[in-house]
Amino acid sequence: MSKTIAVILGGGRGERLKPLTSARSKPAVPIAGMYRLVDIPISNCLNSNVYDIFVLTQYLSASLNRHIAQSYRFDAFRGGQVTVLAAELTGEKGESWYQGTADAVRKQLHRLEANEDDDVLVLSGDQVYMMDLADFVEHHRSLNADVTIAATRCTREDAGRFGIMRTTADNIIHEFAEKPDDPAVLDAFSDPAGAEASGDATRTHLASMGIYAFKARVLSKLLQTDLRDDFGKHILPTALAGDSRLAAYPYNGFWEDVGTIASYHEVHLALTEPVPRLNLFDEHFRFFSRQRFLPPAKVGDALVQRALVCDGSIIGDGATVRKSIIGIRTVIGPGCHLDRVVHNGAGSFDFGPSDDPLRPALGVGEYSVIRNAIVDRDSRIGKGVRLLNEAGVDTYHDEYITVRDGIIVVPRNGIVPDGYTF
């Protein structure tokens with residue numbers, strides 16, 4: 001009987017997400033105060049009854065490896081695995097580290113132990129979405145496709161960031177272009193009728209989400225035939241030019257590639273809406289992560305509006321928290337004001353006496369004011385700090401904070417002294 005195997009790509013260096021990726025890989029970056037980005041594709045798999053899962057890692061992977069080992073353990077009756085496959089060198093002449101998405105899968109293909117009639121899902125480890133992967137695979141099989149690409153609609157302005165495609169009425173792909181910048185190509189791939197049918201006339205192009213289903217034998221053949229590095233740039237055009245049958249899987253749900261500080265911040269703020277498109281409260285689609293057995297959140301005489309407040313967090317008297325994410329074990333001091341802040345929490349509580357009286361405690365010190373910011377894990381913000389970026393600076397860096405896309409970022413383990421103002 002054929003089975004479905006999932007391969008989750010651990011991502012590259014994550015330059016556009018720094019400083020969040022300065023000491024960890026993109027899939028290990030926190031999301032929604034209590035998860036990691038890698039939990040999203042793994043949860044998509046588990047909710048779709050896909051239990052053979054491999055995570056391919058390379059850059060700064062220690063935190064990611066530890067999280068996966070502590071979070072995902074299957075019992076002997078269900079079976080399955082979430083296995084980390086780290087990049088490795090064997091000493092063979094001419095070998096190298098992963099050079100791209102396709103190269104990473106090629107180098108680990110033998111470890112998947114896939115049979116010819118199996119299907120292999122290739123998923124990104126740094127995207128935010130909810131998808132029924134069982135339906136995706138069924139669509140792939142019903143069209144007898146060799147390769148199926150999950151596809152969403154985008155505007156002409158955004159089309160150059162993606163692989164875009166043209167399809168027949170039955171979703172068979174007959175043209176594909178990876179991140180085109182030629183206006184003539186963008187015009188040729190425009191599909192106003194499809195945009196109209198989707199309910200948004202501005203979304204004129206059909207874009208690849210970087211989520212693929214392959215017949216295992218076809219994946220193996222393609223990776224052995226084309227020895228180049230990238231799925232979108234190399235392998236998919238080779239497949240289309242050959243005798244492979246490519247199909248699209250139209251997807252209308254929420255999907256976001258959180259590749260920049262701005263998109264990371266925006267995705268989080270969207271979670272505070274009354275009914276967000278990414279609904280963490282859907283009982284039929286649960287997000288899984290490490291069990292921490294923390295106490296409930298504790299809110300003093302404070303004003304909290306449109307916020308997610310995670311387990312173990314404490315909000316002090318007189319504090320105001322608006323449209324913000326308060327991660328696990330976050331301590332917000334009395335009189336603080338947080339507006340549009342993503343706080344990624346802490347790995348421990350910090351209630352004992354300090355060896356250094358000048359070193360702030362974990363969390364946010366009393367009477368600090370923070371707006372439009374990301375405060376990474378285990379940071380220490382002193383008393384009376386003002387992080388507002390009132391000058392509207394787009395890019396900035398000093399020993400305490402970084403500003404990217406106009407968003408203030410306090411790095412992981414960062415320390416902002418009492419009274420600091422920006």
# chains A, B, ... in the order shown; residues from 1 in each chain; ligands from 1

call {"tool": "select_by_dssp", "arguments": {"residues": "segment 198-271 of chain A", "states": "strand (DSSP E)", "output": "number ranges by chain"}}
result
A: 205-215, 246-250, 255-257

call {"tool": "write_last_selection", "arguments": {"atoms": "C-alpha atoms", "output": "PDB file, in the first residue's frame"}}
result
ATOM      1  CA  HIS A 205      -1.567  35.597 -11.239  1.00  0.00           C
ATOM      2  CA  LEU A 206      -1.398  31.996 -10.011  1.00  0.00           C
ATOM      3  CA  ALA A 207       1.669  31.607  -7.784  1.00  0.00           C
ATOM      4  CA  SER A 208       3.512  28.622  -6.376  1.00  0.00           C
ATOM      5  CA  MET A 209       3.436  28.352  -2.592  1.00  0.00           C
ATOM      6  CA  GLY A 210       6.610  26.266  -2.518  1.00  0.00           C
ATOM      7  CA  ILE A 211       4.576  23.233  -1.408  1.00  0.00           C
ATOM      8  CA  TYR A 212       4.905  20.189  -3.677  1.00  0.00           C
ATOM      9  CA  ALA A 213       3.680  16.613  -4.014  1.00  0.00           C
ATOM     10  CA  PHE A 214       5.810  14.209  -6.080  1.00  0.00           C
ATOM     11  CA  LYS A 215       5.439  10.622  -7.074  1.00  0.00           C
ATOM     12  CA  LEU A 246       2.381  18.774 -13.618  1.00  0.00           C
ATOM     13  CA  ALA A 247      -0.778  19.915 -11.859  1.00  0.00           C
ATOM     14  CA  ALA A 248      -1.800  22.831  -9.658  1.00  0.00           C
ATOM     15  CA  TYR A 249      -3.724  22.569  -6.397  1.00  0.00           C
ATOM     16  CA  PRO A 250      -5.677  25.831  -5.988  1.00  0.00           C
ATOM     17  CA  TRP A 255      -0.865  31.482   3.641  1.00  0.00           C
ATOM     18  CA  GLU A 256       2.100  33.716   4.352  1.00  0.00           C
ATOM     19  CA  ASP A 257       5.816  33.334   3.870  1.00  0.00           C
TER      20      ASP A 257
END

call {"tool": "closest_residue", "arguments": {"among": "A:Pro296, A:Gly194, A:Gly406, A:Gly253", "to": "Leu278 of chain A", "atoms": "only C-alpha atoms"}}
result
A:Gly253

call {"tool": "closest_residue", "arguments": {"among": "A:Leu186, A:Ile53, A:Met130, A:Leu112", "to": "Arg73 of chain A", "atoms": "only C-alpha atoms"}}
result
A:Ile53

call {"tool": "atom_distance", "arguments": {"atom1": "atom CA of Gly259 of chain A", "atom2": "atom CA of Lys26 of chain A"}}
result
8.5 Å

call {"tool": "closest_residue", "arguments": {"among": "A:Thr402, A:Ser263, A:Gln81, A:Asn413", "to": "Ser379 of chain A", "atoms": "only C-alpha atoms"}}
result
A:Asn413

call {"tool": "closest_atom_pairs", "arguments": {"of": "segment 260-287 of chain A", "to": "segment 39-45 of chain A", "cutoff": "12 Å", "atoms": "only C-alpha atoms", "output": "JSON lines"}}
result
{"residue": "A:Leu278", "atom": "CA", "partner": "A:Ile40", "partner_atom": "CA", "distance": 10.9}
{"residue": "A:Leu280", "atom": "CA", "partner": "A:Ile40", "partner_atom": "CA", "distance": 10.9}
{"residue": "A:His284", "atom": "CA", "partner": "A:Asn44", "partner_atom": "CA", "distance": 11.4}
{"residue": "A:Phe285", "atom": "CA", "partner": "A:Asn44", "partner_atom": "CA", "distance": 8.1}
{"residue": "A:Arg286", "atom": "CA", "partner": "A:Ser43", "partner_atom": "CA", "distance": 7.0}
{"residue": "A:Phe287", "atom": "CA", "partner": "A:Ser43", "partner_atom": "CA", "distance": 5.4}

call {"tool": "residues_around", "arguments": {"residues": "Ala188 of chain A", "least_positions_apart": "2", "cutoff": "12 Å", "atoms": "only C-alpha atoms", "output": "PyMOL selection string"}}
result
chain A and resi 156+159+164-166+175-177+180+182-186+190-192+204-206

call {"tool": "closest_residue", "arguments": {"among": "A:Phe349, A:Tyr420, A:Phe288, A:Tyr51", "to": "Asp378 of chain A", "atoms": "only C-alpha atoms"}}
result
A:Phe349

call {"tool": "closest_residue", "arguments": {"among": "A:Ala6, A:Gly14, A:Tyr129, A:His67", "to": "Ser289 of chain A", "atoms": "only C-alpha atoms"}}
result
A:His67

call {"tool": "residues_around", "arguments": {"residues": "Pro295 of chain A", "least_positions_apart": "5", "cutoff": "9 Å", "atoms": "only C-alpha atoms", "output": "list in words"}}
result
Asp311, Gly312 and Ser313 of chain A

call {"tool": "write_last_selection", "arguments": {"atoms": "N, CA and C atoms", "output": "JSON list (two decimals), in the first residue's frame"}}
result
[["chain", "number", "residue", "atom", "x", "y", "z"],
["A", 311, "ASP", "N", 0.50, 31.09, 28.42],
["A", 311, "ASP", "CA", 0.67, 30.49, 29.74],
["A", 311, "ASP", "C", 1.91, 31.02, 30.44],
["A", 312, "GLY", "N", 1.80, 31.19, 31.74],
["A", 312, "GLY", "CA", 2.93, 31.57, 32.56],
["A", 312, "GLY", "C", 3.26, 33.05, 32.53],
["A", 313, "SER", "N", 2.54, 33.83, 31.74],
["A", 313, "SER", "CA", 2.84, 35.26, 31.66],
["A", 313, "SER", "C", 2.14, 36.02, 32.79]]

call {"tool": "closest_residue", "arguments": {"among": "A:Leu64, A:Gly33, A:Gly100, A:Val55", "to": "Ala307 of chain A", "atoms": "only C-alpha atoms"}}
result
A:Gly33

call {"tool": "atom_distance", "arguments": {"atom1": "atom CA of Ile407 of chain A", "atom2": "atom CA of Ala262 of chain A"}}
result
6.9 Å

call {"tool": "closest_atom_pairs", "arguments": {"of": "segment 47-82 of chain A", "to": "segment 18-22 of chain A", "cutoff": "12 Å", "atoms": "only C-alpha atoms", "output": "tab-separated table"}}
result
residue	atom	partner	partner_atom	distance
A:Tyr59	CA	A:Thr21	CA	9.7
A:Leu60	CA	A:Thr21	CA	8.5
A:Ser61	CA	A:Thr21	CA	10.6
A:Ser63	CA	A:Thr21	CA	11.1
A:Leu64	CA	A:Thr21	CA	11.6

call {"tool": "write_last_selection", "arguments": {"atoms": "C-alpha atoms", "output": "PDB file, in the first residue's frame"}}
result
ATOM      1  CA  TYR A  59      22.173  26.427   9.475  1.00  0.00           C
ATOM      2  CA  LEU A  60      22.144  27.079  13.247  1.00  0.00           C
ATOM      3  CA  SER A  61      20.049  23.983  13.826  1.00  0.00           C
ATOM      4  CA  SER A  63      17.693  24.949  18.828  1.00  0.00           C
ATOM      5  CA  LEU A  64      15.490  23.414  16.126  1.00  0.00           C
TER       6      LEU A  64
END

call {"tool": "residues_around", "arguments": {"residues": "segment 320-328 of chain A", "least_positions_apart": "5", "cutoff": "10 Å", "atoms": "only C-alpha atoms", "output": "mmCIF file with C-alpha atoms, in the first residue's frame"}}
result
data_model
loop_
_atom_site.group_PDB
_atom_site.id
_atom_site.type_symbol
_atom_site.label_atom_id
_atom_site.label_comp_id
_atom_site.auth_asym_id
_atom_site.auth_seq_id
_atom_site.Cartn_x
_atom_site.Cartn_y
_atom_site.Cartn_z
ATOM 1 C CA PRO A 30 8.934 31.537 17.725
ATOM 2 C CA ILE A 31 5.425 32.094 16.408
ATOM 3 C CA ALA A 32 2.247 33.088 18.293
ATOM 4 C CA GLY A 33 4.001 33.240 21.654
ATOM 5 C CA MET A 34 4.202 29.489 22.297
ATOM 6 C CA TYR A 35 5.067 27.676 19.049
ATOM 7 C CA HIS A 265 5.166 41.381 12.693
ATOM 8 C CA HIS A 268 1.269 38.189 14.493
ATOM 9 C CA LEU A 269 -0.900 41.302 14.702
ATOM 10 C CA ALA A 270 -3.461 39.602 12.441
ATOM 11 C CA LEU A 271 -3.818 36.873 15.081
ATOM 12 C CA THR A 272 -5.374 39.430 17.454
ATOM 13 C CA GLU A 273 -8.392 40.019 15.203
ATOM 14 C CA ARG A 292 5.541 22.787 29.087
ATOM 15 C CA LEU A 294 3.021 26.066 32.804
ATOM 16 C CA PRO A 295 0.662 27.890 35.179
ATOM 17 C CA PRO A 296 -2.159 30.026 33.757
ATOM 18 C CA ALA A 297 -1.529 33.587 32.688
ATOM 19 C CA ASP A 301 -5.502 45.458 37.503
ATOM 20 C CA ALA A 302 -4.539 46.061 33.864
ATOM 21 C CA LEU A 303 -6.147 46.949 30.538
ATOM 22 C CA VAL A 304 -5.728 44.232 27.891
ATOM 23 C CA GLN A 305 -7.336 44.714 24.473
ATOM 24 C CA ARG A 306 -7.092 42.468 21.403
ATOM 25 C CA ALA A 307 -4.189 40.397 22.694
ATOM 26 C CA LEU A 308 -3.004 36.804 22.957
ATOM 27 C CA VAL A 309 -1.666 36.142 26.450
ATOM 28 C CA CYS A 310 0.204 32.836 26.769
ATOM 29 C CA ASP A 311 0.669 30.493 29.741
ATOM 30 C CA GLY A 312 2.931 31.572 32.559
ATOM 31 C CA SER A 313 2.844 35.261 31.662
ATOM 32 C CA ILE A 314 2.194 38.002 34.213
ATOM 33 C CA ILE A 315 0.807 41.474 33.463
ATOM 34 C CA PRO A 334 3.344 47.711 36.531
ATOM 35 C CA GLY A 335 2.464 50.811 34.526
ATOM 36 C CA CYS A 336 3.873 49.527 31.225
ATOM 37 C CA HIS A 337 2.234 50.372 27.897
ATOM 38 C CA LEU A 338 2.591 47.915 25.003
ATOM 39 C CA ASP A 339 0.957 48.590 21.637
ATOM 40 C CA ARG A 340 1.404 46.330 18.581
ATOM 41 C CA VAL A 341 4.162 44.377 20.288
ATOM 42 C CA VAL A 342 5.174 40.766 19.628
ATOM 43 C CA HIS A 343 6.896 39.425 22.749
ATOM 44 C CA ASN A 344 8.339 35.942 22.294
ATOM 45 C CA GLY A 345 8.489 35.139 25.992
ATOM 46 C CA ALA A 346 11.165 33.493 28.104
ATOM 47 C CA GLY A 347 12.638 30.050 28.717
ATOM 48 C CA SER A 348 12.466 30.387 32.505
ATOM 49 C CA PHE A 349 11.118 32.528 35.322
ATOM 50 C CA VAL A 369 6.458 52.114 26.791
ATOM 51 C CA ILE A 370 6.887 49.981 23.640
ATOM 52 C CA ARG A 371 5.152 50.357 20.280
ATOM 53 C CA ASN A 372 5.468 48.536 16.921
ATOM 54 C CA ALA A 373 8.139 46.176 18.126
ATOM 55 C CA ILE A 374 9.296 42.577 18.347
ATOM 56 C CA VAL A 375 10.851 41.569 21.664
ATOM 57 C CA ASP A 376 12.652 38.270 21.230
ATOM 58 C CA ARG A 377 12.972 35.460 23.733
#

call {"tool": "select_by_dssp", "arguments": {"residues": "segment 267-411 of chain A", "states": "alpha helix (DSSP H)", "output": "list in words"}}
result
Val267, His268, Leu269 and Ala270 of chain A

call {"tool": "write_last_selection", "arguments": {"atoms": "C-alpha atoms", "output": "CSV table (one decimal), in the first residue's frame"}}
result
chain,number,residue,atom,x,y,z
A,267,VAL,CA,1.2,38.0,10.7
A,268,HIS,CA,1.3,38.2,14.5
A,269,LEU,CA,-0.9,41.3,14.7
A,270,ALA,CA,-3.5,39.6,12.4
